[in-house]
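Trainee: Attaching a single structure in structure tokens format; questions to follow.
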Amino acid sequence: MAMAALRRETKRFSPLISPNPIRYALGSTLLPSQEEACVGVRYISTQIVRNRMKSVKNIQKITKAMKMVAASKLRQIQTKAENSRGLWQPFTALLGDTPSIDVKKTVVVAISSDKGLCGGINSTSVKISRAVNKLNSGPDKEATYVVLGEKAKVQLIRDSKNKIELTFSELQKNPLNYTQVSVLADDILKNVQFDALRIVFNKFSSVVSFLPTVSTVLSPEIVERESESGGKLGALDSYEVEGGETKSEILQNLAEFQFSCVLFNAVLENACSEQGARMSAMDSSSRNAGEMLDRLTLTYNRTRQASITTELIEIISGASALEG
């Protein structure tokens, strides 16, 4: 008889100790997903917040590491960029930098980075390149692009795919040097016909600022034409040509060397601006992650405290019911 009574009591209380007591109490009005939400509602919220806090902490670690890497690269490239300014400045003084000269065939050399997470530096370069291309286009004029960097390529290919003559990427895969850039400049000179090259890049000013810049390199024919017509080309006319080479040959050599030096400095200046912008962006991201972590911690503590308070109220209520 005792065993029979135990079986009867077990059957009576089995719904309350089953895995889904709420379903037994409410019948079949709840869906399975709603049942799970009701059973674990007190613990799901804190678990979600903990997972979010963990992901934000990981993101903050990544952004801090990227900031340190960018700072290390910036110090190395900045020294090269400052030293490279002494290469192109004498050529600019000799041949001049005259963006106002009207030519028929213009090639815009747009320099950008291969990677993102560096603010609006690439968008600025593309915007200036499009403006320069538009200014040098017309019924009797032609303007095309030579793109250095994957980010500018992705943006310009959307609306100017037919105008892109050459593209180069992964310039910073190895440390930048003059030999690498001179080979690049030689490829451009061999494969592109031009009267003027407009090099668009971001000149490094400081870690938090950069200046969009356009440098102009004229072809030897245009330089000779402007020199003969009395145009403003710097101090070229104040020198006399000596030796067996003709003036055209000297201008050819000077124009090629000027383009390689200006391109080398432009690539380094843009790389400095990229690393500085990345440092600034990662610093802002780290601060934002810290602020979000503080808010999530406050939310987690409030949720946990509310859960503990609810459990205490239930315990006290149960104890009071038993005493009554």
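Residue numbers start at 1 in each chain; chains themselves are named A, B, ... in the order of the structure tokens; ligands are numbered from 1 in the order shown.
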Near region 282-287 of chain A, counting only C-alpha atoms, which residues have an atom at most 9 Å away, once you skip same-chain residues fewer than 4 positions from it, shown as a VMD selection string?
Mentor: chain A and resid 59 to 67 117 to 118 277 to 278 291 to 292
Trainee: From the DSSP assignment of the backbone, select every residue of region 91-286 of chain A that is strand (DSSP E), and format the answer as a count of residues only.
Mentor: 40
Trainee: Find the residues near Ala143 (chain A): any atom within 8 Å, counting only C-alpha atoms, skip ones fewer than 3 places away on the same chain, and give them as an NGL selection string.
Mentor: :A and (105-108 or 133-134 or 136-137 or 163)
Trainee: Would you put the residues from that selection into a file with all heavy atoms, as a CSV table (one decimal), in the first residue's frame?
Mentor:
chain,number,residue,atom,x,y,z
A,105,LYS,N,46.1,66.0,-73.7
A,105,LYS,CA,46.0,64.6,-73.1
A,105,LYS,C,46.6,64.7,-71.6
A,105,LYS,O,47.7,65.0,-71.4
A,105,LYS,CB,46.8,63.6,-73.9
A,105,LYS,CG,46.8,62.2,-73.3
A,105,LYS,CD,45.4,61.6,-73.3
A,105,LYS,CE,45.4,60.2,-72.7
A,105,LYS,NZ,46.2,59.2,-73.3
A,106,THR,N,45.7,64.5,-70.7
A,106,THR,CA,46.0,64.5,-69.3
A,106,THR,C,45.8,63.1,-68.7
A,106,THR,O,44.8,62.5,-68.9
A,106,THR,CB,45.2,65.5,-68.5
A,106,THR,OG1,45.4,66.8,-69.0
A,106,THR,CG2,45.5,65.6,-67.0
A,107,VAL,N,46.8,62.7,-67.9
A,107,VAL,CA,46.7,61.4,-67.1
A,107,VAL,C,46.7,61.8,-65.7
A,107,VAL,O,47.6,62.4,-65.1
A,107,VAL,CB,47.8,60.5,-67.5
A,107,VAL,CG1,47.7,59.2,-66.6
A,107,VAL,CG2,47.7,60.1,-69.0
A,108,VAL,N,45.6,61.4,-65.0
A,108,VAL,CA,45.5,61.6,-63.5
A,108,VAL,C,46.0,60.4,-62.8
A,108,VAL,O,45.5,59.3,-63.0
A,108,VAL,CB,44.1,61.9,-63.1
A,108,VAL,CG1,44.0,62.2,-61.6
A,108,VAL,CG2,43.5,63.1,-63.9
A,133,ASN,N,40.1,65.2,-63.2
A,133,ASN,CA,39.7,64.6,-64.4
A,133,ASN,C,38.6,65.4,-65.1
A,133,ASN,O,38.7,65.6,-66.4
A,133,ASN,CB,39.2,63.2,-64.2
A,133,ASN,CG,39.0,62.4,-65.5
A,133,ASN,OD1,37.9,62.6,-66.1
A,133,ASN,ND2,39.9,61.6,-65.9
A,134,LYS,N,37.6,65.9,-64.4
A,134,LYS,CA,36.6,66.7,-65.0
A,134,LYS,C,37.0,68.0,-65.5
A,134,LYS,O,36.6,68.5,-66.6
A,134,LYS,CB,35.5,66.9,-63.9
A,134,LYS,CG,34.2,67.5,-64.5
A,134,LYS,CD,33.1,67.6,-63.4
A,134,LYS,CE,31.9,68.3,-63.9
A,134,LYS,NZ,30.8,68.4,-62.9
A,136,ASN,N,40.0,68.7,-66.7
A,136,ASN,CA,40.8,68.5,-67.9
A,136,ASN,C,40.1,67.7,-69.0
A,136,ASN,O,40.8,67.2,-69.9
A,136,ASN,CB,42.1,67.8,-67.5
A,136,ASN,CG,43.0,68.7,-66.6
A,136,ASN,OD1,43.8,69.4,-67.1
A,136,ASN,ND2,42.9,68.5,-65.3
A,137,SER,N,38.8,67.6,-68.9
A,137,SER,CA,38.1,66.9,-70.0
A,137,SER,C,37.3,67.9,-70.8
A,137,SER,O,36.9,69.0,-70.3
A,137,SER,CB,37.1,65.9,-69.4
A,137,SER,OG,37.8,64.9,-68.6
A,163,LYS,N,38.0,54.7,-68.5
A,163,LYS,CA,39.1,55.7,-68.5
A,163,LYS,C,40.3,55.2,-67.8
A,163,LYS,O,41.3,55.9,-67.8
A,163,LYS,CB,38.5,57.0,-67.8
A,163,LYS,CG,37.5,57.7,-68.6
A,163,LYS,CD,37.1,59.0,-68.0
A,163,LYS,CE,36.1,59.8,-68.8
A,163,LYS,NZ,35.7,61.0,-68.1
Trainee: Which residue is closest to Lys141 (chain A)? Choose from A:Thr79, A:Lys247, A:Phe264, A:Lys104 and count only C-alpha atoms.
Mentor: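 Ranked by minimum distance to Lys141 (chain A), first place goes to A:Lys104.
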Trainee: Could you jot down the CA of Ser112 (chain A) to CA of Leu251 (chain A) separation for me, Å, one decimal place?
Mentor: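 It comes out at 29.3 Å.
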Trainee: State, in Å with one decimal place, the distance from CA of Thr299 (chain A) to CA of Glu311 (chain A).
Mentor: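 So the two atoms, CA of Thr299 (chain A) and CA of Glu311 (chain A), lie 18.5 Å apart.
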Trainee: CA of Ala152 (chain A) and CA of Ala131 (chain A), how far apart in Å?
Mentor: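 Distance between the two atoms: 14.0 Å.
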Trainee: With only C-alpha atoms as the atoms that count, which of A:Val56, A:Val147, A:Leu156, A:Ile111 lies nearest to Asn288 (chain A)?
Mentor: A:Val56
Trainee: Under the rule that only C-alpha atoms are counted, which of A:Asn191, A:Gln305, A:Gln275, A:Asn265 is the nearest residue to Tyr178 (chain A)?
Mentor: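 For Tyr178 (chain A), the nearest of the candidates is A:Asn265.
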Trainee: Which is closer to Arg225 (chain A) than all the others in A:Ile199, A:Val103, A:Leu211, A:Ile121, using only C-alpha atoms?
Mentor: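 Once distances to Arg225 (chain A) are computed over only C-alpha atoms, the minimum belongs to A:Val103.
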Trainee: Would you return as JSON, numbers by chain the members of region 116-268 of chain A that DSSP assigns to alpha helix (DSSP H) on this structure's backbone?
Mentor: {"A": [121, 122, 123, 124, 125, 126, 127, 128, 129, 130, 131, 132, 133, 134, 135, 150, 151, 152, 153, 154, 155, 156, 157, 158, 159, 178, 179, 180, 181, 182, 183, 184, 185, 186, 187, 188, 189, 190, 191, 220, 221, 222, 223, 224, 225, 226, 227, 228, 247, 248, 249, 250, 251, 252, 253, 254, 255, 256, 257, 258, 259, 260, 261, 262, 263, 264, 265, 266, 267, 268]}
Trainee: Please save C-alpha atoms of the selected residues as a PDB file, in the first residue's frame.
Mentor:
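Saved result, out_21.pdb, follows:
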ATOM      1  CA  ILE A 121      41.838  59.484 -46.761  1.00  0.00           C
ATOM      2  CA  ASN A 122      41.014  57.300 -49.767  1.00  0.00           C
ATOM      3  CA  SER A 123      37.660  58.966 -50.408  1.00  0.00           C
ATOM      4  CA  THR A 124      39.382  62.358 -50.411  1.00  0.00           C
ATOM      5  CA  SER A 125      41.967  61.197 -52.929  1.00  0.00           C
ATOM      6  CA  VAL A 126      39.288  59.781 -55.239  1.00  0.00           C
ATOM      7  CA  LYS A 127      37.161  62.911 -54.951  1.00  0.00           C
ATOM      8  CA  ILE A 128      40.093  65.166 -55.927  1.00  0.00           C
ATOM      9  CA  SER A 129      41.033  62.814 -58.780  1.00  0.00           C
ATOM     10  CA  ARG A 130      37.522  62.984 -60.214  1.00  0.00           C
ATOM     11  CA  ALA A 131      37.531  66.782 -59.962  1.00  0.00           C
ATOM     12  CA  VAL A 132      40.899  67.043 -61.752  1.00  0.00           C
ATOM     13  CA  ASN A 133      39.707  64.625 -64.433  1.00  0.00           C
ATOM     14  CA  LYS A 134      36.555  66.669 -64.969  1.00  0.00           C
ATOM     15  CA  LEU A 135      38.520  69.937 -65.232  1.00  0.00           C
ATOM     16  CA  GLU A 150      43.181  48.982 -54.377  1.00  0.00           C
ATOM     17  CA  LYS A 151      40.795  51.395 -52.643  1.00  0.00           C
ATOM     18  CA  ALA A 152      40.912  54.023 -55.402  1.00  0.00           C
ATOM     19  CA  LYS A 153      40.539  51.288 -58.014  1.00  0.00           C
ATOM     20  CA  VAL A 154      37.367  49.962 -56.381  1.00  0.00           C
ATOM     21  CA  GLN A 155      35.775  53.427 -56.315  1.00  0.00           C
ATOM     22  CA  LEU A 156      36.864  54.675 -59.745  1.00  0.00           C
ATOM     23  CA  ILE A 157      35.953  51.468 -61.559  1.00  0.00           C
ATOM     24  CA  ARG A 158      32.270  52.084 -60.779  1.00  0.00           C
ATOM     25  CA  ASP A 159      31.838  55.103 -63.026  1.00  0.00           C
ATOM     26  CA  TYR A 178      63.223  54.437 -54.825  1.00  0.00           C
ATOM     27  CA  THR A 179      64.115  51.426 -56.996  1.00  0.00           C
ATOM     28  CA  GLN A 180      60.611  49.992 -56.651  1.00  0.00           C
ATOM     29  CA  VAL A 181      58.913  53.301 -57.463  1.00  0.00           C
ATOM     30  CA  SER A 182      61.266  54.082 -60.383  1.00  0.00           C
ATOM     31  CA  VAL A 183      60.332  50.759 -62.020  1.00  0.00           C
ATOM     32  CA  LEU A 184      56.684  51.690 -61.516  1.00  0.00           C
ATOM     33  CA  ALA A 185      57.256  55.130 -63.065  1.00  0.00           C
ATOM     34  CA  ASP A 186      59.046  53.552 -66.017  1.00  0.00           C
ATOM     35  CA  ASP A 187      56.055  51.267 -66.670  1.00  0.00           C
ATOM     36  CA  ILE A 188      53.732  54.265 -66.683  1.00  0.00           C
ATOM     37  CA  LEU A 189      55.951  56.258 -69.058  1.00  0.00           C
ATOM     38  CA  LYS A 190      56.236  53.338 -71.478  1.00  0.00           C
ATOM     39  CA  ASN A 191      52.545  52.376 -71.578  1.00  0.00           C
ATOM     40  CA  PRO A 220      59.309  66.897 -72.641  1.00  0.00           C
ATOM     41  CA  GLU A 221      57.474  68.181 -75.722  1.00  0.00           C
ATOM     42  CA  ILE A 222      55.226  70.452 -73.660  1.00  0.00           C
ATOM     43  CA  VAL A 223      58.209  71.677 -71.618  1.00  0.00           C
ATOM     44  CA  GLU A 224      60.113  72.552 -74.794  1.00  0.00           C
ATOM     45  CA  ARG A 225      57.046  74.232 -76.286  1.00  0.00           C
ATOM     46  CA  GLU A 226      56.451  76.355 -73.214  1.00  0.00           C
ATOM     47  CA  SER A 227      60.153  77.201 -72.966  1.00  0.00           C
ATOM     48  CA  GLU A 228      60.250  78.434 -76.549  1.00  0.00           C
ATOM     49  CA  LYS A 247      67.969  70.165 -75.483  1.00  0.00           C
ATOM     50  CA  SER A 248      65.227  67.670 -76.324  1.00  0.00           C
ATOM     51  CA  GLU A 249      67.294  64.771 -75.019  1.00  0.00           C
ATOM     52  CA  ILE A 250      68.127  66.649 -71.820  1.00  0.00           C
ATOM     53  CA  LEU A 251      64.477  67.529 -71.291  1.00  0.00           C
ATOM     54  CA  GLN A 252      63.511  63.899 -71.866  1.00  0.00           C
ATOM     55  CA  ASN A 253      65.908  62.721 -69.165  1.00  0.00           C
ATOM     56  CA  LEU A 254      64.919  65.499 -66.781  1.00  0.00           C
ATOM     57  CA  ALA A 255      61.183  64.817 -67.235  1.00  0.00           C
ATOM     58  CA  GLU A 256      61.588  61.082 -66.591  1.00  0.00           C
ATOM     59  CA  PHE A 257      63.732  61.641 -63.512  1.00  0.00           C
ATOM     60  CA  GLN A 258      61.377  64.353 -62.250  1.00  0.00           C
ATOM     61  CA  PHE A 259      58.360  62.026 -62.542  1.00  0.00           C
ATOM     62  CA  SER A 260      60.087  59.186 -60.678  1.00  0.00           C
ATOM     63  CA  CYS A 261      61.186  61.542 -57.864  1.00  0.00           C
ATOM     64  CA  VAL A 262      57.776  63.218 -57.546  1.00  0.00           C
ATOM     65  CA  LEU A 263      56.024  59.833 -57.596  1.00  0.00           C
ATOM     66  CA  PHE A 264      58.389  58.462 -54.944  1.00  0.00           C
ATOM     67  CA  ASN A 265      57.686  61.395 -52.643  1.00  0.00           C
ATOM     68  CA  ALA A 266      53.930  61.217 -53.350  1.00  0.00           C
ATOM     69  CA  VAL A 267      53.758  57.509 -52.475  1.00  0.00           C
ATOM     70  CA  LEU A 268      55.677  58.079 -49.227  1.00  0.00           C
TER      71      LEU A 268
END
Trainee: Which residues, written as a VMD selection string, have at least one atom at most 10 Å from Gln76 (chain A), with only C-alpha atoms counted and residues fewer than 4 positions away on the same chain left out?
Mentor: chain A and resid 71 to 72 80 to 81 175 272
Trainee: I need the chosen residues saved as a PDB file, in the first residue's frame, with N, CA, C and O atoms.
Mentor:
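Final output, again_35.pdb:
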ATOM      1  N   ALA A  71      51.554  53.225 -35.550  1.00  0.00           N
ATOM      2  CA  ALA A  71      52.531  54.185 -35.017  1.00  0.00           C
ATOM      3  C   ALA A  71      53.960  53.756 -35.355  1.00  0.00           C
ATOM      4  O   ALA A  71      54.799  54.594 -35.708  1.00  0.00           O
ATOM      5  N   SER A  72      54.225  52.462 -35.268  1.00  0.00           N
ATOM      6  CA  SER A  72      55.560  51.965 -35.609  1.00  0.00           C
ATOM      7  C   SER A  72      55.879  52.175 -37.090  1.00  0.00           C
ATOM      8  O   SER A  72      56.968  52.629 -37.451  1.00  0.00           O
ATOM      9  N   LYS A  80      61.611  58.509 -44.223  1.00  0.00           N
ATOM     10  CA  LYS A  80      61.841  58.397 -45.672  1.00  0.00           C
ATOM     11  C   LYS A  80      61.166  59.522 -46.424  1.00  0.00           C
ATOM     12  O   LYS A  80      61.726  60.075 -47.378  1.00  0.00           O
ATOM     13  N   ALA A  81      59.951  59.878 -46.007  1.00  0.00           N
ATOM     14  CA  ALA A  81      59.216  60.928 -46.700  1.00  0.00           C
ATOM     15  C   ALA A  81      59.926  62.275 -46.568  1.00  0.00           C
ATOM     16  O   ALA A  81      60.015  63.053 -47.534  1.00  0.00           O
ATOM     17  N   PRO A 175      58.862  47.102 -47.918  1.00  0.00           N
ATOM     18  CA  PRO A 175      59.212  48.487 -47.588  1.00  0.00           C
ATOM     19  C   PRO A 175      59.467  49.311 -48.849  1.00  0.00           C
ATOM     20  O   PRO A 175      60.165  48.872 -49.765  1.00  0.00           O
ATOM     21  N   CYS A 272      52.435  57.920 -45.286  1.00  0.00           N
ATOM     22  CA  CYS A 272      52.461  58.576 -43.966  1.00  0.00           C
ATOM     23  C   CYS A 272      51.071  59.024 -43.555  1.00  0.00           C
ATOM     24  O   CYS A 272      50.646  58.819 -42.412  1.00  0.00           O
TER      25      CYS A 272
END
Trainee: Hey, which of A:Glu245, A:Glu274, A:Asp195, A:Glu240 ends up closest to Ile101 (chain A)? Count only C-alpha atoms.
Mentor: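 With only C-alpha atoms as the atom set, the closest residue is A:Asp195.
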Trainee: Counting only C-alpha atoms, figure out which residue out of A:Ala70, A:Ile77, A:Glu269, A:Arg85 gets nearest to Ser205 (chain A).
Mentor: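 Going through A:Ala70, A:Ile77, A:Glu269, A:Arg85 one by one, the smallest distance to Ser205 (chain A) is for A:Glu269.
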